[in-house]
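Participant: Contents of my_file.txt (compact mmCIF, C-alpha atoms) are below:
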# COMPACT_ATOMS: atom_id res chain seq x y z
CA MET A 6 45.99 21.97 -64.77
CA ALA A 7 43.71 24.81 -65.79
CA PRO A 8 40.00 24.05 -66.05
CA TYR A 9 38.88 23.29 -69.58
CA GLU A 10 36.00 25.46 -70.71
CA SER A 11 33.39 24.00 -73.05
CA ASP A 12 30.14 25.53 -74.25
CA ASP A 13 28.82 22.05 -74.92
CA ALA A 14 29.62 21.03 -71.37
CA VAL A 15 27.92 24.12 -69.98
CA ASP A 16 24.79 23.43 -72.02
CA ALA A 17 24.81 19.84 -70.89
CA ALA A 18 24.99 20.83 -67.26
CA GLN A 19 22.09 23.23 -67.69
CA ASP A 20 19.98 20.65 -69.50
CA GLU A 21 20.62 18.11 -66.75
CA THR A 22 19.54 20.46 -63.94
CA PRO A 23 16.39 18.93 -62.43
CA ARG A 24 13.38 21.24 -62.72
CA SER A 25 10.53 18.97 -61.65
CA GLY A 26 8.90 19.17 -58.25
CA ARG A 27 9.99 15.57 -57.63
CA ARG A 28 13.61 16.70 -57.39
CA LYS A 29 12.91 19.39 -54.85
CA ALA A 30 12.23 17.06 -51.96
CA ALA A 31 13.63 19.32 -49.25
CA ARG A 32 13.07 23.05 -49.75
CA TYR A 33 13.12 24.88 -46.49
CA ALA A 34 14.04 28.22 -45.04
CA VAL A 35 17.24 30.21 -44.90
CA PRO A 36 17.66 33.88 -45.75
CA VAL A 37 18.47 34.39 -49.38
CA ALA A 38 20.93 37.23 -49.08
CA VAL A 39 23.39 34.89 -47.40
CA VAL A 40 24.49 33.23 -50.62
CA GLY A 41 24.59 36.35 -52.79
CA VAL A 42 26.03 34.97 -56.05
CA ALA A 43 26.96 31.65 -57.66
CA ALA A 44 28.04 30.45 -61.12
CA ALA A 45 30.06 27.73 -62.79
CA THR A 46 32.02 26.88 -65.92
CA ILE A 47 32.63 23.16 -65.99
CA GLY A 48 36.21 22.03 -65.52
CA LEU A 49 37.47 18.58 -66.44
CA VAL A 50 40.02 18.15 -63.68
CA PRO A 51 39.82 14.64 -62.16
CA ALA A 52 39.36 14.09 -58.45
CA LEU A 53 42.30 12.70 -56.48
CA ALA A 54 41.79 11.38 -52.97
CA ASP A 55 43.61 13.35 -50.29
CA SER A 56 45.54 11.52 -47.61
CA GLY A 57 43.11 10.08 -45.08
CA ASP A 58 40.07 10.83 -47.24
CA PRO A 59 38.00 8.18 -49.10
CA ASP A 60 39.73 6.59 -52.08
CA LEU A 61 36.99 6.98 -54.70
CA PRO A 62 37.04 6.41 -58.47
CA LYS A 63 38.26 9.38 -60.48
CA ILE A 64 35.54 11.71 -61.75
CA SER A 65 35.56 14.93 -63.75
CA ALA A 66 33.76 18.11 -62.71
CA GLN A 67 31.38 17.69 -65.62
CA GLN A 68 30.53 14.15 -64.54
CA LEU A 69 30.09 15.25 -60.94
CA ILE A 70 27.74 18.08 -61.90
CA GLU A 71 25.74 15.64 -64.02
CA LYS A 72 25.62 13.29 -61.02
CA ILE A 73 24.15 16.09 -58.89
CA ALA A 74 21.62 16.91 -61.61
CA LYS A 75 20.50 13.29 -61.92
CA SER A 76 20.21 12.78 -58.17
CA ASP A 77 16.61 11.99 -57.26
CA VAL A 78 16.56 11.41 -53.52
CA GLN A 79 12.91 11.18 -52.50
CA GLN A 80 13.18 10.12 -48.86
CA LEU A 81 15.58 11.38 -46.24
CA SER A 82 15.89 12.43 -42.62
CA GLY A 83 18.77 13.98 -40.78
CA THR A 84 20.33 16.86 -38.90
CA VAL A 85 21.82 19.92 -40.58
CA LYS A 86 24.12 22.43 -38.91
CA VAL A 87 23.96 25.93 -40.42
CA SER A 88 26.51 28.60 -39.53
CA THR A 89 26.29 32.12 -40.95
CA ASP A 90 28.85 34.90 -40.47
CA LEU A 91 28.20 37.98 -42.58
CA GLY A 92 30.25 40.13 -40.22
CA LEU A 93 27.27 42.30 -39.32
CA PRO A 94 27.75 44.75 -36.45
CA ASP A 95 26.12 44.11 -33.09
CA LEU A 96 23.09 46.39 -33.13
CA GLY A 97 22.09 45.67 -29.55
CA GLY A 98 18.65 44.33 -30.51
CA LEU A 99 17.91 47.07 -33.05
CA GLU A 100 18.14 44.52 -35.86
CA ASP A 101 14.99 42.83 -34.52
CA GLY A 102 13.02 46.02 -35.01
CA LEU A 103 14.50 46.61 -38.44
CA LEU A 104 13.63 43.06 -39.52
CA SER A 105 10.13 43.45 -38.13
CA GLY A 106 9.57 46.62 -40.10
CA ALA A 107 10.80 44.88 -43.24
CA GLY A 108 8.43 41.98 -42.79
CA GLY A 109 10.98 39.72 -41.18
CA GLY A 110 10.18 40.07 -37.51
CA GLY A 111 7.73 38.15 -35.44
CA SER A 112 6.45 41.12 -33.44
CA GLY A 113 3.56 43.48 -33.94
CA ASP A 114 0.36 42.07 -35.44
CA GLY A 115 2.09 39.21 -37.23
CA SER A 116 2.37 35.61 -36.05
CA SER A 117 5.65 34.46 -34.52
CA ALA A 118 5.01 31.16 -36.32
CA ASP A 119 5.09 32.79 -39.78
CA PRO A 120 8.11 31.16 -41.52
CA GLN A 121 9.20 34.44 -43.08
CA ALA A 122 9.28 35.98 -39.62
CA LYS A 123 10.78 33.14 -37.61
CA LEU A 124 13.48 31.96 -39.93
CA THR A 125 15.20 35.34 -40.27
CA GLU A 126 17.02 34.17 -37.14
CA LEU A 127 19.22 32.09 -39.44
CA VAL A 128 20.84 35.28 -40.80
CA SER A 129 23.52 35.01 -38.14
CA GLY A 130 25.03 32.53 -35.73
CA THR A 131 24.98 28.74 -35.63
CA HIS A 132 21.75 26.75 -35.70
CA THR A 133 20.73 23.11 -35.69
CA LEU A 134 17.95 21.93 -37.99
CA ARG A 135 16.20 18.59 -38.26
CA VAL A 136 14.94 17.82 -41.74
CA ALA A 137 12.79 15.07 -43.22
CA ALA A 138 11.25 14.46 -46.63
CA ASP A 139 9.02 11.84 -48.23
CA GLY A 140 8.57 12.86 -51.84
CA PRO A 141 7.58 16.30 -53.13
CA ASP A 142 4.42 16.56 -51.01
CA ARG A 143 5.74 15.89 -47.52
CA GLN A 144 8.61 17.75 -45.86
CA LYS A 145 9.42 18.92 -42.37
CA LEU A 146 12.02 21.24 -40.92
CA SER A 147 12.54 21.91 -37.22
CA LEU A 148 14.71 24.70 -35.85
CA LEU A 149 15.98 23.58 -32.47
CA GLU A 150 16.31 26.34 -29.89
CA ARG A 151 17.17 26.41 -26.22
CA GLY A 152 14.10 25.03 -24.48
CA ALA A 153 11.90 25.51 -27.57
CA GLU A 154 11.42 24.36 -31.14
CA TYR A 155 10.05 25.87 -34.33
CA SER A 156 8.67 23.48 -36.94
CA LEU A 157 7.66 24.00 -40.56
CA ILE A 158 5.60 21.12 -41.97
CA HIS A 159 4.43 20.62 -45.55
CA ASP A 160 1.84 17.83 -45.83
CA GLY A 161 0.03 17.79 -49.15
CA LYS A 162 -1.78 21.06 -49.66
CA ASP A 163 -1.20 22.25 -46.10
CA VAL A 164 1.81 24.15 -44.79
CA TRP A 165 2.03 24.59 -41.02
CA GLY A 166 4.40 26.67 -38.93
CA TYR A 167 4.47 26.08 -35.17
CA ASP A 168 6.40 28.05 -32.56
CA SER A 169 6.38 26.10 -29.27
CA LYS A 170 7.77 29.06 -27.32
CA SER A 171 4.77 31.31 -28.06
CA ASN A 172 2.34 28.43 -28.75
CA GLU A 173 1.39 30.08 -32.05
CA VAL A 174 0.49 28.32 -35.30
CA TYR A 175 0.66 29.68 -38.85
CA HIS A 176 -1.30 27.87 -41.58
CA SER A 177 -1.29 28.35 -45.33
CA THR A 178 -2.35 26.32 -48.34
CA ALA A 179 0.16 25.41 -51.03
CA ALA A 180 -0.82 26.43 -54.55
CA GLY A 181 -0.39 22.90 -55.84
CA SER A 182 0.96 19.48 -54.94
CA GLY A 183 4.74 19.36 -54.97
CA LYS A 184 5.18 22.96 -56.12
CA ASP A 185 7.23 25.73 -54.56
CA HIS A 186 5.47 27.69 -51.86
CA ARG A 187 6.12 31.11 -50.41
CA SER A 188 7.04 29.59 -47.05
CA GLU A 189 9.52 27.04 -48.35
CA PRO A 190 12.84 28.67 -49.30
CA PRO A 191 16.03 26.57 -49.26
CA ALA A 192 18.04 25.37 -46.26
CA THR A 193 19.68 22.06 -47.13
CA PRO A 194 23.07 21.75 -48.86
CA LYS A 195 21.24 20.40 -51.94
CA ASP A 196 19.08 23.51 -52.14
CA PHE A 197 22.10 25.80 -52.10
CA ALA A 198 24.03 23.65 -54.56
CA ASP A 199 21.12 23.52 -57.02
CA GLU A 200 20.83 27.30 -56.98
CA ALA A 201 24.59 27.79 -57.34
CA LEU A 202 24.78 25.53 -60.39
CA LYS A 203 21.87 27.21 -62.17
CA ALA A 204 24.01 30.26 -62.86
CA VAL A 205 26.52 28.49 -65.09
CA ASP A 206 28.57 30.89 -67.22
CA ASP A 207 32.13 31.60 -68.33
CA THR A 208 33.08 33.82 -65.37
CA THR A 209 33.85 30.86 -63.09
CA SER A 210 35.97 27.73 -62.94
CA VAL A 211 34.74 24.47 -61.46
CA THR A 212 37.06 21.65 -60.49
CA VAL A 213 36.95 18.50 -58.38
CA ASP A 214 38.99 19.10 -55.23
CA GLY A 215 39.52 15.66 -53.77
CA THR A 216 37.22 13.68 -51.48
CA ALA A 217 35.85 13.87 -47.95
CA GLN A 218 33.59 12.14 -45.45
CA VAL A 219 30.43 13.99 -44.45
CA ALA A 220 27.94 12.56 -41.94
CA GLY A 221 29.71 9.21 -42.27
CA ARG A 222 29.31 9.08 -46.06
CA ASP A 223 31.96 9.18 -48.79
CA ALA A 224 31.80 12.32 -50.89
CA TYR A 225 33.53 14.18 -53.71
CA LYS A 226 34.34 17.88 -53.27
CA LEU A 227 33.29 20.26 -56.05
CA LEU A 228 35.14 23.60 -55.97
CA ILE A 229 33.63 26.71 -57.59
CA GLN A 230 35.84 29.80 -57.90
CA PRO A 231 35.33 33.20 -59.57
CA ARG A 232 37.64 34.13 -62.42
CA GLN A 233 36.82 37.81 -62.05
CA SER A 234 38.48 40.29 -59.74
CA GLY A 235 36.35 42.73 -57.78
CA THR A 236 34.04 40.15 -56.21
CA THR A 237 33.88 39.47 -52.46
CA VAL A 238 33.33 35.74 -53.08
CA GLY A 239 36.37 33.55 -52.60
CA ALA A 240 35.04 30.07 -53.33
CA ILE A 241 32.10 27.70 -52.99
CA SER A 242 32.77 24.12 -51.94
CA ILE A 243 30.12 21.42 -52.32
CA ALA A 244 30.56 17.94 -50.85
CA VAL A 245 28.60 15.49 -53.04
CA ASP A 246 27.54 12.05 -51.83
CA ALA A 247 29.44 9.53 -53.95
CA LYS A 248 26.53 7.07 -54.05
CA THR A 249 23.40 9.19 -54.45
CA GLY A 250 24.83 12.39 -55.95
CA MET A 251 23.07 14.48 -53.30
CA PRO A 252 25.05 17.45 -51.90
CA LEU A 253 25.82 16.88 -48.22
CA LYS A 254 27.68 20.09 -47.40
CA PHE A 255 27.80 23.61 -48.85
CA THR A 256 30.45 26.15 -47.85
CA LEU A 257 30.80 29.73 -49.12
CA THR A 258 34.03 31.49 -48.15
CA PRO A 259 34.79 35.18 -48.76
CA LYS A 260 37.82 36.45 -50.64
CA SER A 261 38.88 38.29 -47.49
CA GLY A 262 39.53 34.95 -45.78
CA GLY A 263 38.59 33.83 -42.30
CA ALA A 264 35.49 31.87 -41.36
CA ALA A 265 32.95 30.83 -43.96
CA VAL A 266 30.11 33.25 -44.68
CA LEU A 267 27.81 30.25 -44.94
CA ASP A 268 28.47 26.67 -43.92
CA ALA A 269 25.53 24.26 -44.16
CA GLY A 270 26.12 20.56 -43.80
CA PHE A 271 24.56 17.32 -42.63
CA THR A 272 25.92 15.97 -39.37
CA GLN A 273 23.66 12.91 -39.66
CA VAL A 274 21.63 11.67 -42.63
CA SER A 275 19.55 8.62 -43.58
CA PHE A 276 17.91 7.87 -46.92
CA ALA A 277 15.29 5.55 -45.43
CA ARG A 278 11.62 6.57 -45.64
CA PRO A 279 10.64 8.60 -42.55
CA ALA A 280 7.67 7.43 -40.51
CA ALA A 281 4.37 8.82 -41.82
CA SER A 282 3.67 10.33 -38.40
CA THR A 283 6.64 12.65 -38.89
CA PHE A 284 4.48 14.91 -41.06
CA ASP A 285 1.29 14.81 -38.98
CA PHE A 286 0.33 18.07 -37.31
CA THR A 287 -2.68 19.21 -35.32
CA PRO A 288 -2.64 22.63 -33.61
CA PRO A 289 -2.13 22.12 -29.85
CA LYS A 290 -4.96 23.00 -27.52
CA GLY A 291 -5.01 26.69 -26.73
CA ALA A 292 -2.65 27.64 -29.55
CA LYS A 293 -3.30 30.86 -31.45
CA VAL A 294 -3.83 29.94 -35.11
CA THR A 295 -3.22 32.50 -37.86
CA GLU A 296 -4.43 31.68 -41.37
CA GLU A 297 -2.37 33.10 -44.23
CA LYS A 298 -5.32 35.06 -45.60
CA ASP A 299 -5.71 36.75 -42.19
CA ALA A 300 -2.04 37.56 -41.76
CA PRO A 301 -0.64 41.00 -42.49
CA LYS A 302 1.23 41.19 -45.78
CA HIS A 303 4.92 41.31 -45.00
CA GLY A 304 7.44 42.46 -47.60
CA ASP A 305 8.30 39.49 -49.78
CA ALA A 306 11.87 38.29 -49.81
CA PRO A 307 13.61 39.65 -52.94
CA THR A 308 14.23 36.22 -54.44
CA HIS A 309 11.18 34.45 -52.98
CA GLY A 310 13.27 31.99 -51.05
CA ARG A 311 15.98 31.01 -53.50
CA ALA A 312 19.60 31.92 -53.82
CA PRO A 313 20.29 34.78 -56.25
CA LYS A 314 21.92 34.15 -59.60
CA HIS A 315 24.89 36.51 -59.37
CA GLY A 316 23.65 40.02 -58.58
CA GLU A 317 20.57 40.11 -60.80
CA ASP A 318 18.05 38.92 -58.23
CA PHE A 319 18.92 41.62 -55.73
CA ALA A 320 16.84 43.84 -58.00
CA GLU A 321 13.52 42.12 -57.35
CA GLY A 322 13.08 43.57 -53.90
CA LEU A 323 14.15 47.09 -54.87
CA LYS A 324 11.03 48.54 -56.43
CA GLY A 325 12.00 52.20 -56.69
CA THR A 326 10.65 54.76 -59.09
CA GLY A 327 13.35 54.09 -61.66
CA GLY A 328 13.15 50.31 -61.76
CA PRO A 329 16.13 47.99 -61.09
CA THR A 330 18.85 47.41 -63.66
CA VAL A 331 22.02 45.31 -63.71
CA ILE A 332 25.49 46.65 -64.42
CA GLY A 333 28.22 44.22 -65.40
CA LYS A 334 28.29 40.43 -65.70
CA GLY A 335 28.76 37.38 -63.54
CA TRP A 336 30.32 37.66 -60.11
CA THR A 337 30.90 41.40 -60.46
CA SER A 338 27.36 42.29 -61.56
CA VAL A 339 25.83 45.15 -59.58
CA VAL A 340 22.13 45.91 -59.23
CA THR A 341 21.13 49.56 -59.23
CA VAL A 342 17.77 51.17 -58.53
CA ASP A 343 16.64 54.77 -58.26
CA THR A 344 14.60 55.03 -55.07
CA GLY A 345 13.54 58.59 -55.82
CA ALA A 346 14.57 59.62 -52.30
CA LYS A 347 16.94 62.55 -52.70
CA GLY A 348 19.37 63.50 -49.98
CA GLY A 349 20.76 60.06 -49.11
CA LEU A 350 20.12 58.72 -45.59
CA PRO A 351 17.23 60.15 -43.55
CA THR A 352 18.24 62.98 -41.23
CA GLY A 353 16.69 65.42 -38.80
CA SER A 354 12.94 65.22 -38.35
CA GLN A 355 12.73 62.90 -41.35
CA GLY A 356 14.74 60.11 -39.73
CA GLY A 357 15.39 61.17 -36.14
CA ASP A 358 18.50 59.43 -34.84
CA LEU A 359 18.18 56.63 -37.39
CA GLY A 360 20.00 58.47 -40.17
CA GLY A 361 22.94 59.30 -37.95
CA PHE A 362 23.07 55.77 -36.59
CA LEU A 363 23.01 54.19 -40.03
CA GLY A 364 25.57 56.69 -41.25
CA SER A 365 27.92 55.63 -38.45
CA LEU A 366 27.78 52.04 -39.75
CA GLY A 367 28.77 53.05 -43.27
CA GLU A 368 31.75 54.65 -44.99
CA GLN A 369 31.44 57.97 -46.77
CA VAL A 370 32.64 57.88 -50.38
CA ASP A 371 32.55 60.17 -53.39
CA GLY A 372 33.13 59.92 -57.11
CA LYS A 373 31.72 61.07 -60.42
CA PHE A 374 28.29 60.06 -59.09
CA GLY A 375 28.61 62.58 -56.24
CA LYS A 376 28.59 61.53 -52.58
CA GLY A 377 27.23 58.47 -50.85
CA THR A 378 27.57 55.88 -48.07
CA VAL A 379 28.82 52.29 -48.46
CA PHE A 380 27.45 49.62 -46.12
CA SER A 381 29.62 46.52 -46.03
CA THR A 382 29.35 42.91 -44.94
CA ARG A 383 31.81 40.12 -45.62
CA LEU A 384 29.83 39.22 -48.74
CA VAL A 385 27.23 41.76 -49.91
CA ASN A 386 27.97 45.49 -50.10
CA ALA A 387 25.63 48.37 -50.91
CA LEU A 388 26.18 52.02 -51.88
CA ILE A 389 23.45 54.60 -51.22
CA THR A 390 24.13 57.85 -53.03
CA ASP A 391 22.92 61.27 -52.01
CA ASP A 392 20.77 61.47 -55.13
CA GLY A 393 18.71 58.43 -54.06
CA LYS A 394 20.34 55.62 -56.04
CA VAL A 395 21.26 52.23 -54.57
CA TYR A 396 24.01 49.97 -55.91
CA ALA A 397 24.35 46.47 -54.41
CA GLY A 398 26.20 43.26 -55.12
CA ALA A 399 28.73 40.71 -53.89
CA VAL A 400 31.50 43.08 -54.92
CA THR A 401 34.10 45.25 -53.24
CA LYS A 402 33.62 48.90 -52.27
CA ASP A 403 35.85 49.98 -55.17
CA ALA A 404 33.76 47.93 -57.61
CA LEU A 405 30.58 49.61 -56.33
CA VAL A 406 32.05 53.07 -56.75
CA LYS A 407 33.29 52.16 -60.24
CA ALA A 408 29.80 50.90 -61.19
CA ALA A 409 28.19 54.09 -59.87
CA ASP A 410 30.66 56.24 -61.81
CA ALA A 411 30.04 54.24 -64.99
CA ALA A 412 26.28 54.67 -64.61
CA LYS A 413 26.54 58.42 -64.17
Show me the file's structure as structure tokens.
Facilitator:
Amino acid sequence: MAPYESDDAVDAAQDETPRSGRRKAARYAVPVAVVGVAAATIGLVPALADSGDPDLPKISAQQLIEKIAKSDVQQLSGTVKVSTDLGLPDLGGLEDGLLSGAGGGGSGDGSSADPQAKLTELVSGTHTLRVAADGPDRQKLSLLERGAEYSLIHDGKDVWGYDSKSNEVYHSTAAGSGKDHRSEPPATPKDFADEALKAVDDTTSVTVDGTAQVAGRDAYKLLIQPRQSGTTVGAISIAVDAKTGMPLKFTLTPKSGGAAVLDAGFTQVSFARPAASTFDFTPPKGAKVTEEKDAPKHGDAPTHGRAPKHGEDFAEGLKGTGGPTVIGKGWTSVVTVDTGAKGGLPTGSQGGDLGGFLGSLGEQVDGKFGKGTVFSTRLVNALITDDGKVYAGAVTKDALVKAADAAK
């Protein structure tokens, strides 16, 4: 049965999307470029329980999206497993330096406890997070490492980052009670699901794809799939708690197949109020404390800690001389910016060995736009042309070249 498209249903889903701080009880850190794009047109296909999965009452995609929107979980604690596989090449440690130069590393004069520095580690590999929330003013996330732990604590107006390995503390003050803060981008399945469903349009189908059990809880599975060709996104699957409506698992798979690009799901969850002591923090004796006002200004993440709506938000971090623009619509939208840097990748004395190294990671292409280099991951691709223009999006190489030709 093909998904039924309804403008009224789309509007309803948008109106029901929670916007208050009270419904953002767990906003933590994961790199934004991982998700890339997300959108949904509401389908009315009922859920049918698969063999061995929970036998739940039938529900339509519209009803399930409304259930997510109305979910108002205020207290929770649990463990989240996050696996990311963008298919990036092994740079032999060079990526650490590149991230540092872009404001993502923990080296140099910055604090290793700065959330924007520490949590770039989630760009690749598998990580275990402990999360807890008690309303919009108190949240905690801990990144468990071998023999060490990094914690990010929001308690009222204070936001603390603590790296036990280096014994460094980062402190900042939230702009207001319960409001988004620079150091609190998303990490939980709910965060990703909320961002995915904000980009509702007619380029995507959404259906209910049976049921599942996640962290011991019965859940419906919401399936989001692009209708457009040319995108690298295969599908987004969201497991939604049947009782509370809170997303328990978020999986983004590429069109190329294989492992998920992003898989974030609870392995254990409780909706009881966490102990008040969970959110207490005092800098340990001897720890180096960096206040936000004293910290060097790193480059801000392009989407300030949220998942991009299709390709449009890639533009925010690309502040070239020409200003960013968007070509196309929906899943195949491509952001372009004129950097003003003629000649493509740096070479010779301008870039030393860096230009040649970067060039070896890309594929040389040409078209009506001239010549350029395409850098590819399993999700997001970028074309840098020799005349200084950048084209980026969750689209194929051919779609990038086509967009560059059309813009010429």
Participant: Counting only C-alpha atoms, what is within 7 Å of Gln233 in chain A, bar same-chain residues fewer than 3 positions away, as a ChimeraX atom specification?
Facilitator: /A:208,236,336
Participant: Tell me which protein, DNA and RNA residues are within 6 Å of range 272-284 of chain A, counting only C-alpha atoms, leaving out same-chain ones fewer than 6 positions away, and put them as a PyMOL selection string.
Facilitator: chain A and resi 80-85+220
Participant: Given the point (23.9, 24.9, -54.7) in the file's coordinates, find the residues that have an atom at most 9 Å from it, counting all atoms listed in the file, and give them as number ranges by chain.
Facilitator: A: 43, 194-203, 241, 243, 252, 255, 312
Participant: Measuring atom to atom with all atoms listed in the file, identify which of A:Phe271, A:Tyr155, A:Tyr175, A:Tyr167 is nearest to Thr256 in chain A.
Facilitator: A:Phe271
Participant: Residues around (36.0, 10.0, -58.7), cut-off 10 Å, counting all atoms listed in the file - what are they as a PyMOL selection string?
Facilitator: chain A and resi 51-54+59-66+68-69+213+215-216+224-226+247
Participant: Mind pulling up the distance from CA of Ala244 in chain A to CA of Ala217 in chain A?
Facilitator: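 Here the two named atoms are 7.3 Å from each other.
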Participant: Nearest residue to Asp223 in chain A out of A:His176, A:Asp58, A:Asp285, A:Ala269, using only C-alpha atoms?
Facilitator: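 Using only C-alpha atoms, Asp223 in chain A sits closest to A:Asp58.
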Participant: Output file request: range 220-227 of chain A, with all heavy atoms, as a PDB file, in the first residue's frame.
Facilitator:
ATOM      1  N   ALA A 220      15.515  -1.966  24.694  1.00  0.00           N
ATOM      2  CA  ALA A 220      15.816  -1.797  26.123  1.00  0.00           C
ATOM      3  C   ALA A 220      14.702  -2.382  26.995  1.00  0.00           C
ATOM      4  O   ALA A 220      14.347  -1.825  28.036  1.00  0.00           O
ATOM      5  CB  ALA A 220      16.030  -0.321  26.457  1.00  0.00           C
ATOM      6  N   GLY A 221      14.131  -3.496  26.534  1.00  0.00           N
ATOM      7  CA  GLY A 221      13.098  -4.183  27.302  1.00  0.00           C
ATOM      8  C   GLY A 221      11.725  -3.553  27.212  1.00  0.00           C
ATOM      9  O   GLY A 221      10.812  -3.963  27.942  1.00  0.00           O
ATOM     10  N   ARG A 222      11.543  -2.589  26.301  1.00  0.00           N
ATOM     11  CA  ARG A 222      10.256  -1.899  26.192  1.00  0.00           C
ATOM     12  C   ARG A 222       9.653  -2.133  24.809  1.00  0.00           C
ATOM     13  O   ARG A 222      10.376  -2.185  23.800  1.00  0.00           O
ATOM     14  CB  ARG A 222      10.421  -0.403  26.456  1.00  0.00           C
ATOM     15  CG  ARG A 222      10.920  -0.092  27.862  1.00  0.00           C
ATOM     16  CD  ARG A 222      10.940   1.392  28.122  1.00  0.00           C
ATOM     17  NE  ARG A 222       9.595   1.983  28.110  1.00  0.00           N
ATOM     18  CZ  ARG A 222       8.787   2.054  29.166  1.00  0.00           C
ATOM     19  NH1 ARG A 222       9.170   1.560  30.342  1.00  0.00           N
ATOM     20  NH2 ARG A 222       7.605   2.624  29.080  1.00  0.00           N
ATOM     21  N   ASP A 223       8.315  -2.244  24.757  1.00  0.00           N
ATOM     22  CA  ASP A 223       7.616  -2.426  23.494  1.00  0.00           C
ATOM     23  C   ASP A 223       7.636  -1.126  22.701  1.00  0.00           C
ATOM     24  O   ASP A 223       7.438  -0.042  23.267  1.00  0.00           O
ATOM     25  CB  ASP A 223       6.168  -2.843  23.740  1.00  0.00           C
ATOM     26  CG  ASP A 223       6.062  -4.239  24.350  1.00  0.00           C
ATOM     27  OD1 ASP A 223       7.087  -4.956  24.356  1.00  0.00           O
ATOM     28  OD2 ASP A 223       4.959  -4.593  24.820  1.00  0.00           O
ATOM     29  N   ALA A 224       7.867  -1.253  21.405  1.00  0.00           N
ATOM     30  CA  ALA A 224       7.993  -0.053  20.578  1.00  0.00           C
ATOM     31  C   ALA A 224       7.425  -0.287  19.183  1.00  0.00           C
ATOM     32  O   ALA A 224       7.431  -1.417  18.670  1.00  0.00           O
ATOM     33  CB  ALA A 224       9.463   0.359  20.476  1.00  0.00           C
ATOM     34  N   TYR A 225       6.929   0.789  18.578  1.00  0.00           N
ATOM     35  CA  TYR A 225       6.578   0.806  17.163  1.00  0.00           C
ATOM     36  C   TYR A 225       7.794   1.285  16.367  1.00  0.00           C
ATOM     37  O   TYR A 225       8.625   2.042  16.869  1.00  0.00           O
ATOM     38  CB  TYR A 225       5.423   1.780  16.896  1.00  0.00           C
ATOM     39  CG  TYR A 225       4.101   1.398  17.505  1.00  0.00           C
ATOM     40  CD1 TYR A 225       3.646   2.022  18.663  1.00  0.00           C
ATOM     41  CD2 TYR A 225       3.290   0.436  16.912  1.00  0.00           C
ATOM     42  CE1 TYR A 225       2.417   1.696  19.226  1.00  0.00           C
ATOM     43  CE2 TYR A 225       2.060   0.103  17.459  1.00  0.00           C
ATOM     44  CZ  TYR A 225       1.630   0.732  18.621  1.00  0.00           C
ATOM     45  OH  TYR A 225       0.417   0.409  19.162  1.00  0.00           O
ATOM     46  N   LYS A 226       7.873   0.857  15.100  1.00  0.00           N
ATOM     47  CA  LYS A 226       8.974   1.286  14.237  1.00  0.00           C
ATOM     48  C   LYS A 226       8.443   2.220  13.148  1.00  0.00           C
ATOM     49  O   LYS A 226       7.592   1.826  12.351  1.00  0.00           O
ATOM     50  CB  LYS A 226       9.672   0.081  13.608  1.00  0.00           C
ATOM     51  CG  LYS A 226      10.375  -0.807  14.610  1.00  0.00           C
ATOM     52  CD  LYS A 226      11.253  -1.842  13.936  1.00  0.00           C
ATOM     53  CE  LYS A 226      10.466  -2.823  13.116  1.00  0.00           C
ATOM     54  NZ  LYS A 226      11.316  -3.881  12.536  1.00  0.00           N
ATOM     55  N   LEU A 227       8.946   3.443  13.139  1.00  0.00           N
ATOM     56  CA  LEU A 227       8.579   4.430  12.128  1.00  0.00           C
ATOM     57  C   LEU A 227       9.669   4.430  11.061  1.00  0.00           C
ATOM     58  O   LEU A 227      10.856   4.584  11.367  1.00  0.00           O
ATOM     59  CB  LEU A 227       8.461   5.820  12.759  1.00  0.00           C
ATOM     60  CG  LEU A 227       7.854   6.923  11.893  1.00  0.00           C
ATOM     61  CD1 LEU A 227       6.372   6.662  11.662  1.00  0.00           C
ATOM     62  CD2 LEU A 227       8.051   8.287  12.559  1.00  0.00           C
TER      63      LEU A 227
END
